[in-house]
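Here is the file work.txt (compact mmCIF, N, CA and C atoms).
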# COMPACT_ATOMS: atom_id res chain seq x y z
N MET A 1 0.39 -18.96 13.03
CA MET A 1 -0.92 -18.35 13.16
C MET A 1 -1.82 -18.87 12.05
N SER A 2 -3.02 -19.24 12.40
CA SER A 2 -3.99 -19.63 11.38
C SER A 2 -5.20 -18.69 11.50
N LEU A 3 -5.86 -18.51 10.39
CA LEU A 3 -7.01 -17.63 10.36
C LEU A 3 -8.29 -18.46 10.39
N PRO A 4 -9.37 -17.90 10.94
CA PRO A 4 -10.63 -18.64 10.96
C PRO A 4 -11.17 -18.85 9.54
N GLN A 5 -12.20 -19.66 9.43
CA GLN A 5 -12.81 -20.00 8.14
C GLN A 5 -13.20 -18.77 7.32
N ILE A 6 -13.50 -17.67 7.97
CA ILE A 6 -13.92 -16.45 7.27
C ILE A 6 -12.85 -15.94 6.31
N SER A 7 -11.63 -16.40 6.48
CA SER A 7 -10.53 -15.88 5.65
C SER A 7 -10.78 -16.05 4.16
N THR A 8 -11.52 -17.05 3.75
CA THR A 8 -11.74 -17.27 2.32
C THR A 8 -12.84 -16.37 1.75
N THR A 9 -13.64 -15.74 2.60
CA THR A 9 -14.71 -14.87 2.12
C THR A 9 -14.51 -13.41 2.54
N LEU A 10 -13.48 -13.13 3.30
CA LEU A 10 -13.21 -11.78 3.78
C LEU A 10 -12.90 -10.85 2.61
N LEU A 11 -13.61 -9.70 2.54
CA LEU A 11 -13.41 -8.75 1.44
C LEU A 11 -12.53 -7.57 1.82
N ALA A 12 -12.61 -7.12 3.07
CA ALA A 12 -11.84 -5.95 3.50
C ALA A 12 -11.25 -6.22 4.87
N LEU A 13 -10.00 -5.78 5.05
CA LEU A 13 -9.32 -5.97 6.32
C LEU A 13 -8.54 -4.72 6.66
N ASP A 14 -8.84 -4.14 7.81
CA ASP A 14 -8.13 -2.95 8.29
C ASP A 14 -7.39 -3.35 9.56
N ILE A 15 -6.08 -3.49 9.45
CA ILE A 15 -5.26 -3.81 10.61
C ILE A 15 -4.26 -2.68 10.86
N SER A 16 -4.68 -1.47 10.53
CA SER A 16 -3.82 -0.30 10.70
C SER A 16 -3.60 0.01 12.18
N ALA A 17 -2.47 0.64 12.46
CA ALA A 17 -2.12 1.13 13.80
C ALA A 17 -2.20 0.04 14.87
N ASN A 18 -1.60 -1.10 14.59
CA ASN A 18 -1.59 -2.20 15.54
C ASN A 18 -0.18 -2.57 16.00
N PHE A 19 0.80 -1.73 15.73
CA PHE A 19 2.19 -1.95 16.15
C PHE A 19 2.75 -3.26 15.59
N LEU A 20 2.30 -3.65 14.40
CA LEU A 20 2.77 -4.88 13.77
C LEU A 20 4.13 -4.65 13.11
N ALA A 21 5.11 -5.47 13.45
CA ALA A 21 6.43 -5.37 12.84
C ALA A 21 6.52 -6.24 11.59
N TYR A 22 5.59 -7.17 11.43
CA TYR A 22 5.53 -8.01 10.24
C TYR A 22 4.09 -8.49 10.06
N LEU A 23 3.79 -8.93 8.85
CA LEU A 23 2.47 -9.48 8.54
C LEU A 23 2.57 -10.99 8.48
N SER A 24 1.59 -11.66 9.03
CA SER A 24 1.59 -13.11 9.04
C SER A 24 1.36 -13.67 7.64
N PRO A 25 2.12 -14.67 7.24
CA PRO A 25 1.89 -15.32 5.94
C PRO A 25 0.50 -15.92 5.82
N ALA A 26 -0.19 -16.11 6.95
CA ALA A 26 -1.56 -16.62 6.92
C ALA A 26 -2.49 -15.69 6.14
N LEU A 27 -2.11 -14.42 6.01
CA LEU A 27 -2.92 -13.47 5.23
C LEU A 27 -3.06 -13.91 3.78
N ALA A 28 -2.10 -14.64 3.28
CA ALA A 28 -2.14 -15.11 1.89
C ALA A 28 -3.34 -16.00 1.63
N SER A 29 -3.92 -16.57 2.68
CA SER A 29 -5.09 -17.45 2.50
C SER A 29 -6.38 -16.65 2.31
N CYS A 30 -6.32 -15.33 2.43
CA CYS A 30 -7.51 -14.49 2.24
C CYS A 30 -7.70 -14.25 0.74
N SER A 31 -8.10 -15.28 0.05
CA SER A 31 -8.14 -15.27 -1.41
C SER A 31 -9.14 -14.29 -2.02
N SER A 32 -10.16 -13.89 -1.26
CA SER A 32 -11.16 -12.96 -1.78
C SER A 32 -10.91 -11.51 -1.36
N LEU A 33 -9.84 -11.28 -0.62
CA LEU A 33 -9.57 -9.95 -0.06
C LEU A 33 -9.42 -8.91 -1.17
N GLU A 34 -10.23 -7.85 -1.09
CA GLU A 34 -10.18 -6.77 -2.09
C GLU A 34 -9.54 -5.51 -1.54
N GLU A 35 -9.64 -5.27 -0.24
CA GLU A 35 -9.08 -4.07 0.37
C GLU A 35 -8.27 -4.45 1.59
N LEU A 36 -7.04 -3.93 1.66
CA LEU A 36 -6.16 -4.20 2.79
C LEU A 36 -5.54 -2.89 3.25
N ASN A 37 -5.75 -2.56 4.52
CA ASN A 37 -5.16 -1.36 5.11
C ASN A 37 -4.19 -1.81 6.19
N ILE A 38 -2.90 -1.59 5.93
CA ILE A 38 -1.86 -1.97 6.88
C ILE A 38 -1.10 -0.73 7.38
N SER A 39 -1.68 0.43 7.22
CA SER A 39 -1.03 1.69 7.56
C SER A 39 -0.66 1.79 9.03
N SER A 40 0.31 2.64 9.29
CA SER A 40 0.75 2.99 10.64
C SER A 40 1.18 1.78 11.45
N ASN A 41 1.85 0.86 10.79
CA ASN A 41 2.51 -0.28 11.43
C ASN A 41 3.99 -0.20 11.05
N PRO A 42 4.90 -0.47 11.96
CA PRO A 42 6.35 -0.34 11.66
C PRO A 42 6.89 -1.52 10.87
N LEU A 43 6.37 -1.76 9.68
CA LEU A 43 6.72 -2.94 8.88
C LEU A 43 8.11 -2.88 8.26
N ARG A 44 8.50 -1.73 7.75
CA ARG A 44 9.77 -1.50 7.05
C ARG A 44 9.85 -2.15 5.68
N VAL A 45 9.22 -3.31 5.48
CA VAL A 45 9.17 -3.96 4.16
C VAL A 45 7.80 -4.61 3.98
N LEU A 46 7.36 -4.68 2.74
CA LEU A 46 6.12 -5.39 2.45
C LEU A 46 6.48 -6.83 2.09
N PRO A 47 5.76 -7.79 2.63
CA PRO A 47 6.07 -9.19 2.32
C PRO A 47 5.67 -9.55 0.89
N VAL A 48 6.44 -10.42 0.28
CA VAL A 48 6.20 -10.86 -1.09
C VAL A 48 4.87 -11.60 -1.21
N PHE A 49 4.43 -12.26 -0.14
CA PHE A 49 3.19 -13.04 -0.23
C PHE A 49 1.95 -12.18 -0.49
N LEU A 50 2.05 -10.86 -0.36
CA LEU A 50 0.91 -10.00 -0.71
C LEU A 50 0.55 -10.16 -2.19
N ALA A 51 1.50 -10.58 -2.99
CA ALA A 51 1.24 -10.79 -4.42
C ALA A 51 0.27 -11.95 -4.65
N GLU A 52 0.07 -12.80 -3.66
CA GLU A 52 -0.86 -13.92 -3.77
C GLU A 52 -2.32 -13.47 -3.61
N LEU A 53 -2.52 -12.23 -3.17
CA LEU A 53 -3.88 -11.71 -2.99
C LEU A 53 -4.40 -11.21 -4.33
N SER A 54 -4.75 -12.14 -5.19
CA SER A 54 -5.08 -11.82 -6.58
C SER A 54 -6.34 -10.98 -6.76
N SER A 55 -7.20 -10.90 -5.74
CA SER A 55 -8.41 -10.09 -5.83
C SER A 55 -8.21 -8.67 -5.30
N LEU A 56 -7.00 -8.36 -4.80
CA LEU A 56 -6.74 -7.08 -4.15
C LEU A 56 -6.95 -5.92 -5.11
N ARG A 57 -7.79 -4.98 -4.68
CA ARG A 57 -8.09 -3.78 -5.47
C ARG A 57 -7.54 -2.52 -4.80
N VAL A 58 -7.45 -2.53 -3.47
CA VAL A 58 -6.99 -1.37 -2.71
C VAL A 58 -5.95 -1.83 -1.70
N LEU A 59 -4.77 -1.22 -1.75
CA LEU A 59 -3.71 -1.49 -0.77
C LEU A 59 -3.28 -0.16 -0.18
N ILE A 60 -3.46 -0.02 1.12
CA ILE A 60 -3.09 1.21 1.83
C ILE A 60 -1.96 0.85 2.78
N ALA A 61 -0.77 1.39 2.48
CA ALA A 61 0.42 1.10 3.28
C ALA A 61 1.10 2.40 3.69
N ASP A 62 0.32 3.36 4.13
CA ASP A 62 0.85 4.65 4.58
C ASP A 62 1.60 4.48 5.90
N SER A 63 2.63 5.27 6.11
CA SER A 63 3.35 5.33 7.39
C SER A 63 3.79 3.95 7.88
N THR A 64 4.42 3.19 6.99
CA THR A 64 4.90 1.86 7.37
C THR A 64 6.43 1.78 7.36
N GLY A 65 7.09 2.84 6.92
CA GLY A 65 8.55 2.85 6.89
C GLY A 65 9.14 2.14 5.69
N ILE A 66 8.31 1.79 4.69
CA ILE A 66 8.82 1.08 3.52
C ILE A 66 9.52 2.04 2.56
N SER A 67 10.47 1.51 1.81
CA SER A 67 11.18 2.33 0.83
C SER A 67 11.15 1.70 -0.56
N THR A 68 10.63 0.48 -0.65
CA THR A 68 10.52 -0.20 -1.94
C THR A 68 9.24 -1.02 -1.97
N LEU A 69 8.87 -1.43 -3.17
CA LEU A 69 7.74 -2.34 -3.36
C LEU A 69 8.28 -3.63 -3.97
N PRO A 70 7.92 -4.79 -3.41
CA PRO A 70 8.42 -6.03 -3.98
C PRO A 70 7.92 -6.24 -5.40
N GLU A 71 8.80 -6.65 -6.30
CA GLU A 71 8.46 -6.82 -7.71
C GLU A 71 7.30 -7.77 -7.95
N PRO A 72 7.10 -8.83 -7.15
CA PRO A 72 5.95 -9.71 -7.40
C PRO A 72 4.59 -8.99 -7.30
N LEU A 73 4.54 -7.83 -6.65
CA LEU A 73 3.28 -7.08 -6.59
C LEU A 73 2.85 -6.61 -7.98
N SER A 74 3.75 -6.66 -8.94
CA SER A 74 3.41 -6.26 -10.31
C SER A 74 2.35 -7.18 -10.92
N GLY A 75 2.10 -8.32 -10.30
CA GLY A 75 1.08 -9.24 -10.77
C GLY A 75 -0.31 -8.96 -10.24
N LEU A 76 -0.47 -7.93 -9.42
CA LEU A 76 -1.79 -7.59 -8.87
C LEU A 76 -2.58 -6.82 -9.92
N ASP A 77 -3.13 -7.55 -10.88
CA ASP A 77 -3.76 -6.91 -12.03
C ASP A 77 -5.12 -6.28 -11.75
N LYS A 78 -5.68 -6.45 -10.55
CA LYS A 78 -6.94 -5.79 -10.20
C LYS A 78 -6.72 -4.56 -9.32
N LEU A 79 -5.48 -4.31 -8.91
CA LEU A 79 -5.17 -3.20 -8.00
C LEU A 79 -5.48 -1.87 -8.68
N HIS A 80 -6.41 -1.10 -8.10
CA HIS A 80 -6.73 0.20 -8.68
C HIS A 80 -6.31 1.35 -7.78
N THR A 81 -6.07 1.10 -6.49
CA THR A 81 -5.64 2.16 -5.58
C THR A 81 -4.46 1.66 -4.76
N LEU A 82 -3.37 2.41 -4.82
CA LEU A 82 -2.19 2.11 -4.02
C LEU A 82 -1.80 3.38 -3.27
N SER A 83 -1.83 3.30 -1.95
CA SER A 83 -1.45 4.44 -1.13
C SER A 83 -0.21 4.09 -0.34
N ILE A 84 0.88 4.81 -0.63
CA ILE A 84 2.15 4.60 0.05
C ILE A 84 2.66 5.93 0.59
N ARG A 85 1.77 6.68 1.17
CA ARG A 85 2.08 8.02 1.68
C ARG A 85 2.90 7.94 2.97
N ARG A 86 3.67 8.99 3.21
CA ARG A 86 4.44 9.13 4.45
C ARG A 86 5.36 7.92 4.69
N ASN A 87 6.15 7.59 3.66
CA ASN A 87 7.11 6.49 3.77
C ASN A 87 8.50 7.00 3.41
N LYS A 88 9.36 6.13 2.90
CA LYS A 88 10.76 6.48 2.64
C LYS A 88 11.18 6.24 1.20
N PHE A 89 10.25 6.42 0.26
CA PHE A 89 10.55 6.19 -1.14
C PHE A 89 11.40 7.32 -1.71
N HIS A 90 12.51 6.93 -2.38
CA HIS A 90 13.34 7.89 -3.11
C HIS A 90 12.99 7.84 -4.59
N SER A 91 12.41 6.70 -5.02
CA SER A 91 11.98 6.52 -6.40
C SER A 91 10.90 5.45 -6.41
N LEU A 92 10.33 5.22 -7.58
CA LEU A 92 9.27 4.22 -7.73
C LEU A 92 9.69 3.18 -8.77
N PRO A 93 9.22 1.95 -8.61
CA PRO A 93 9.58 0.93 -9.61
C PRO A 93 8.84 1.17 -10.93
N SER A 94 9.51 0.91 -12.03
CA SER A 94 8.91 1.15 -13.34
C SER A 94 7.72 0.24 -13.61
N TRP A 95 7.65 -0.92 -12.96
CA TRP A 95 6.54 -1.84 -13.22
C TRP A 95 5.19 -1.29 -12.77
N LEU A 96 5.18 -0.23 -11.96
CA LEU A 96 3.89 0.38 -11.58
C LEU A 96 3.10 0.79 -12.82
N CYS A 97 3.80 1.19 -13.87
CA CYS A 97 3.14 1.61 -15.11
C CYS A 97 2.45 0.44 -15.81
N LEU A 98 2.80 -0.77 -15.46
CA LEU A 98 2.24 -1.95 -16.12
C LEU A 98 0.99 -2.49 -15.43
N LEU A 99 0.64 -1.95 -14.25
CA LEU A 99 -0.57 -2.40 -13.56
C LEU A 99 -1.78 -1.91 -14.35
N PRO A 100 -2.56 -2.81 -14.94
CA PRO A 100 -3.61 -2.41 -15.88
C PRO A 100 -4.75 -1.60 -15.27
N CYS A 101 -5.05 -1.78 -14.00
CA CYS A 101 -6.18 -1.09 -13.39
C CYS A 101 -5.79 0.05 -12.45
N LEU A 102 -4.49 0.29 -12.27
CA LEU A 102 -4.06 1.31 -11.31
C LEU A 102 -4.61 2.67 -11.72
N ASP A 103 -5.43 3.22 -10.85
CA ASP A 103 -6.14 4.47 -11.11
C ASP A 103 -5.68 5.56 -10.15
N SER A 104 -5.39 5.19 -8.90
CA SER A 104 -4.98 6.15 -7.87
C SER A 104 -3.68 5.70 -7.22
N LEU A 105 -2.69 6.57 -7.30
CA LEU A 105 -1.41 6.33 -6.65
C LEU A 105 -1.16 7.51 -5.72
N LEU A 106 -1.26 7.25 -4.43
CA LEU A 106 -1.10 8.30 -3.42
C LEU A 106 0.29 8.15 -2.81
N LEU A 107 1.13 9.19 -2.96
CA LEU A 107 2.51 9.04 -2.54
C LEU A 107 3.12 10.29 -1.94
N ASP A 108 2.31 11.20 -1.44
CA ASP A 108 2.87 12.42 -0.86
C ASP A 108 3.65 12.11 0.43
N ASN A 109 4.53 13.03 0.77
CA ASN A 109 5.38 12.93 1.96
C ASN A 109 6.33 11.74 1.91
N ASN A 110 6.97 11.56 0.77
CA ASN A 110 8.08 10.64 0.60
C ASN A 110 9.29 11.47 0.18
N PRO A 111 10.50 11.08 0.59
CA PRO A 111 11.69 11.89 0.27
C PRO A 111 12.26 11.62 -1.12
N PHE A 112 11.46 11.83 -2.16
CA PHE A 112 11.92 11.57 -3.52
C PHE A 112 13.18 12.37 -3.80
N GLN A 113 14.08 11.77 -4.60
CA GLN A 113 15.35 12.41 -4.93
C GLN A 113 15.57 12.39 -6.43
N GLY A 114 16.51 13.21 -6.84
CA GLY A 114 16.93 13.24 -8.24
C GLY A 114 15.78 13.47 -9.20
N PRO A 115 15.79 12.74 -10.31
CA PRO A 115 14.75 12.93 -11.34
C PRO A 115 13.33 12.70 -10.81
N TRP A 116 13.20 11.78 -9.86
CA TRP A 116 11.87 11.51 -9.31
C TRP A 116 11.31 12.72 -8.61
N LYS A 117 12.15 13.43 -7.87
CA LYS A 117 11.69 14.61 -7.14
C LYS A 117 11.15 15.66 -8.13
N ALA A 118 11.88 15.89 -9.20
CA ALA A 118 11.45 16.86 -10.20
C ALA A 118 10.16 16.42 -10.89
N LEU A 119 9.97 15.13 -11.03
CA LEU A 119 8.78 14.59 -11.68
C LEU A 119 7.56 14.62 -10.77
N VAL A 120 7.74 14.24 -9.52
CA VAL A 120 6.62 14.06 -8.60
C VAL A 120 6.14 15.37 -7.96
N GLU A 121 7.05 16.24 -7.56
CA GLU A 121 6.64 17.43 -6.82
C GLU A 121 5.63 18.31 -7.55
N PRO A 122 5.78 18.59 -8.84
CA PRO A 122 4.76 19.41 -9.51
C PRO A 122 3.39 18.75 -9.52
N LEU A 123 3.35 17.43 -9.61
CA LEU A 123 2.08 16.71 -9.59
C LEU A 123 1.41 16.80 -8.22
N LEU A 124 2.21 16.66 -7.17
CA LEU A 124 1.66 16.72 -5.82
C LEU A 124 1.13 18.12 -5.49
N ALA A 125 1.76 19.14 -6.04
CA ALA A 125 1.32 20.51 -5.77
C ALA A 125 -0.08 20.77 -6.31
N LYS A 126 -0.51 20.02 -7.31
CA LYS A 126 -1.81 20.23 -7.93
C LYS A 126 -2.92 19.41 -7.28
N LEU A 127 -2.56 18.46 -6.43
CA LEU A 127 -3.54 17.56 -5.83
C LEU A 127 -3.93 18.01 -4.43
N PRO A 128 -5.21 17.86 -4.07
CA PRO A 128 -5.59 18.11 -2.68
C PRO A 128 -4.97 17.02 -1.81
N MET A 129 -4.53 17.36 -0.63
CA MET A 129 -3.87 16.40 0.25
C MET A 129 -4.86 15.68 1.17
N THR A 130 -6.00 15.35 0.63
CA THR A 130 -6.98 14.58 1.40
C THR A 130 -7.04 13.18 0.82
N PRO A 131 -7.11 12.18 1.67
CA PRO A 131 -7.14 10.82 1.15
C PRO A 131 -8.42 10.54 0.38
N SER A 132 -8.32 9.63 -0.60
CA SER A 132 -9.50 9.27 -1.38
C SER A 132 -10.22 8.08 -0.76
N TYR A 133 -9.83 7.71 0.43
CA TYR A 133 -10.48 6.63 1.15
C TYR A 133 -10.90 7.16 2.52
N PRO A 134 -11.82 6.50 3.18
CA PRO A 134 -12.30 7.00 4.47
C PRO A 134 -11.15 7.16 5.47
N PRO A 135 -11.18 8.22 6.27
CA PRO A 135 -10.09 8.48 7.21
C PRO A 135 -10.13 7.59 8.45
N SER A 136 -10.21 6.28 8.26
CA SER A 136 -10.21 5.37 9.40
C SER A 136 -8.79 5.18 9.94
N THR A 137 -7.82 5.50 9.11
CA THR A 137 -6.43 5.35 9.52
C THR A 137 -5.97 6.60 10.26
N PRO A 138 -5.37 6.44 11.43
CA PRO A 138 -4.85 7.62 12.13
C PRO A 138 -3.78 8.32 11.29
N MET A 139 -3.78 9.61 11.31
CA MET A 139 -2.81 10.38 10.54
C MET A 139 -1.67 10.79 11.45
N PHE A 140 -0.59 10.02 11.42
CA PHE A 140 0.58 10.33 12.22
C PHE A 140 1.59 11.05 11.34
N PRO A 141 2.29 12.04 11.86
CA PRO A 141 3.29 12.74 11.03
C PRO A 141 4.45 11.84 10.69

As structure tokens:
Amino acid sequence: MSLPQISTTLLALDISANFLAYLSPALASCSSLEELNISSNPLRVLPVFLAELSSLRVLIADSTGISTLPEPLSGLDKLHTLSIRRNKFHSLPSWLCLLPCLDSLLLDNNPFQGPWKALVEPLLAKLPMTPSYPPSTPMFP
């Protein structure tokens, strides 16, 4: 799959709820992409090539069935919002703390276990359960 010429100037892409089982590596050519919404697709894993999106500021991967984040995403130094709600996370990678611009981490409705559960649940109880981004993504249970 190849993307049209617009791929180098595209700033936001919403491909949520499209029954995508994988993301095309052609997305890596979207060098100016700042916002990516891949929610409500049965991905199960995030591809490593997302780390090549060096301008990415917002990544919304709600309801994708993922349980981990690939370590190369730790290089997304402009990422300020990461939404991984309604997935299968039992814990979070420690490198999330190293993302210099990360301001919003949305992670409710994940089956956290052990120490993570004790750490995360009190924080979630204090937060309103409304997304901080426009509700363009369908909310599936």

Practice problem: Would you return as a PyMOL selection string the members of chain A that DSSP assigns to alpha helix (DSSP H) on this structure's backbone? | Solution: chain A and resi 114-126

Same residues, N, CA and C atoms, output as a PDB file, keeping the file's coordinate frame:
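Okay, selection_1.pdb is ready:
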ATOM      1  N   GLY A 114      16.510  13.210  -6.840  1.00  0.00           N
ATOM      2  CA  GLY A 114      16.930  13.240  -8.240  1.00  0.00           C
ATOM      3  C   GLY A 114      15.780  13.470  -9.200  1.00  0.00           C
ATOM      4  N   PRO A 115      15.790  12.740 -10.310  1.00  0.00           N
ATOM      5  CA  PRO A 115      14.750  12.930 -11.340  1.00  0.00           C
ATOM      6  C   PRO A 115      13.330  12.700 -10.810  1.00  0.00           C
ATOM      7  N   TRP A 116      13.200  11.780  -9.860  1.00  0.00           N
ATOM      8  CA  TRP A 116      11.870  11.510  -9.310  1.00  0.00           C
ATOM      9  C   TRP A 116      11.310  12.720  -8.610  1.00  0.00           C
ATOM     10  N   LYS A 117      12.150  13.430  -7.870  1.00  0.00           N
ATOM     11  CA  LYS A 117      11.690  14.610  -7.140  1.00  0.00           C
ATOM     12  C   LYS A 117      11.150  15.660  -8.130  1.00  0.00           C
ATOM     13  N   ALA A 118      11.880  15.890  -9.200  1.00  0.00           N
ATOM     14  CA  ALA A 118      11.450  16.860 -10.200  1.00  0.00           C
ATOM     15  C   ALA A 118      10.160  16.420 -10.890  1.00  0.00           C
ATOM     16  N   LEU A 119       9.970  15.130 -11.030  1.00  0.00           N
ATOM     17  CA  LEU A 119       8.780  14.590 -11.680  1.00  0.00           C
ATOM     18  C   LEU A 119       7.560  14.620 -10.770  1.00  0.00           C
ATOM     19  N   VAL A 120       7.740  14.240  -9.520  1.00  0.00           N
ATOM     20  CA  VAL A 120       6.620  14.060  -8.600  1.00  0.00           C
ATOM     21  C   VAL A 120       6.140  15.370  -7.960  1.00  0.00           C
ATOM     22  N   GLU A 121       7.050  16.240  -7.560  1.00  0.00           N
ATOM     23  CA  GLU A 121       6.640  17.430  -6.820  1.00  0.00           C
ATOM     24  C   GLU A 121       5.630  18.310  -7.550  1.00  0.00           C
ATOM     25  N   PRO A 122       5.780  18.590  -8.840  1.00  0.00           N
ATOM     26  CA  PRO A 122       4.760  19.410  -9.510  1.00  0.00           C
ATOM     27  C   PRO A 122       3.390  18.750  -9.520  1.00  0.00           C
ATOM     28  N   LEU A 123       3.350  17.430  -9.610  1.00  0.00           N
ATOM     29  CA  LEU A 123       2.080  16.710  -9.590  1.00  0.00           C
ATOM     30  C   LEU A 123       1.410  16.800  -8.220  1.00  0.00           C
ATOM     31  N   LEU A 124       2.210  16.660  -7.170  1.00  0.00           N
ATOM     32  CA  LEU A 124       1.660  16.720  -5.820  1.00  0.00           C
ATOM     33  C   LEU A 124       1.130  18.120  -5.490  1.00  0.00           C
ATOM     34  N   ALA A 125       1.760  19.140  -6.040  1.00  0.00           N
ATOM     35  CA  ALA A 125       1.320  20.510  -5.770  1.00  0.00           C
ATOM     36  C   ALA A 125      -0.080  20.770  -6.310  1.00  0.00           C
ATOM     37  N   LYS A 126      -0.510  20.020  -7.310  1.00  0.00           N
ATOM     38  CA  LYS A 126      -1.810  20.230  -7.930  1.00  0.00           C
ATOM     39  C   LYS A 126      -2.920  19.410  -7.280  1.00  0.00           C
TER      40      LYS A 126
END

Edge lengths and centre in Å to one decimal, as lines of an AutoDock Vina configuration file, is what I'm after for the box along x, y and z that holds all listed atoms of range 111-124 of chain A once 6 Å is added on each side.
center_x = 9.0
center_y = 15.2
center_z = -5.5
size_x = 27.8
size_y = 20.3
size_z = 24.3

Practice problem: Calculate how many Å separate CA of Trp95 in chain A from CA of Leu20 in chain A, rounding to one decimal. | Solution: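 Straight-line distance from CA of Trp95 in chain A to CA of Leu20 in chain A works out to 27.4 Å.
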
Quiz item: Tell me, which residues of chain A carry DSSP strand (DSSP E or B), written as a ChimeraX atom specification?
Solution: /A:12-14,35-37,58-60,81-83,104-106

Contacts of range 60-112 of chain A with range 24-43 of chain A up to 5 Å, shortest pair per row, all atoms listed in the file, as a Markdown table:
| residue | atom | partner | partner_atom | distance |
| --- | --- | --- | --- | --- |
| A:Ile60 | C | A:Ile38 | N | 4.1 |
| A:Ala61 | C | A:Ser39 | CA | 4.5 |
| A:Asp62 | N | A:Ser39 | CA | 4.0 |
| A:Ser63 | C | A:Ser40 | N | 4.0 |
| A:Thr64 | C | A:Leu43 | N | 4.2 |

Quiz prompt | Gln113 in chain A surroundings by only C-alpha atoms, 12 Å radius, close-in-sequence under 4 positions cut, as number ranges by chain | solution = A: 88-92, 117-121
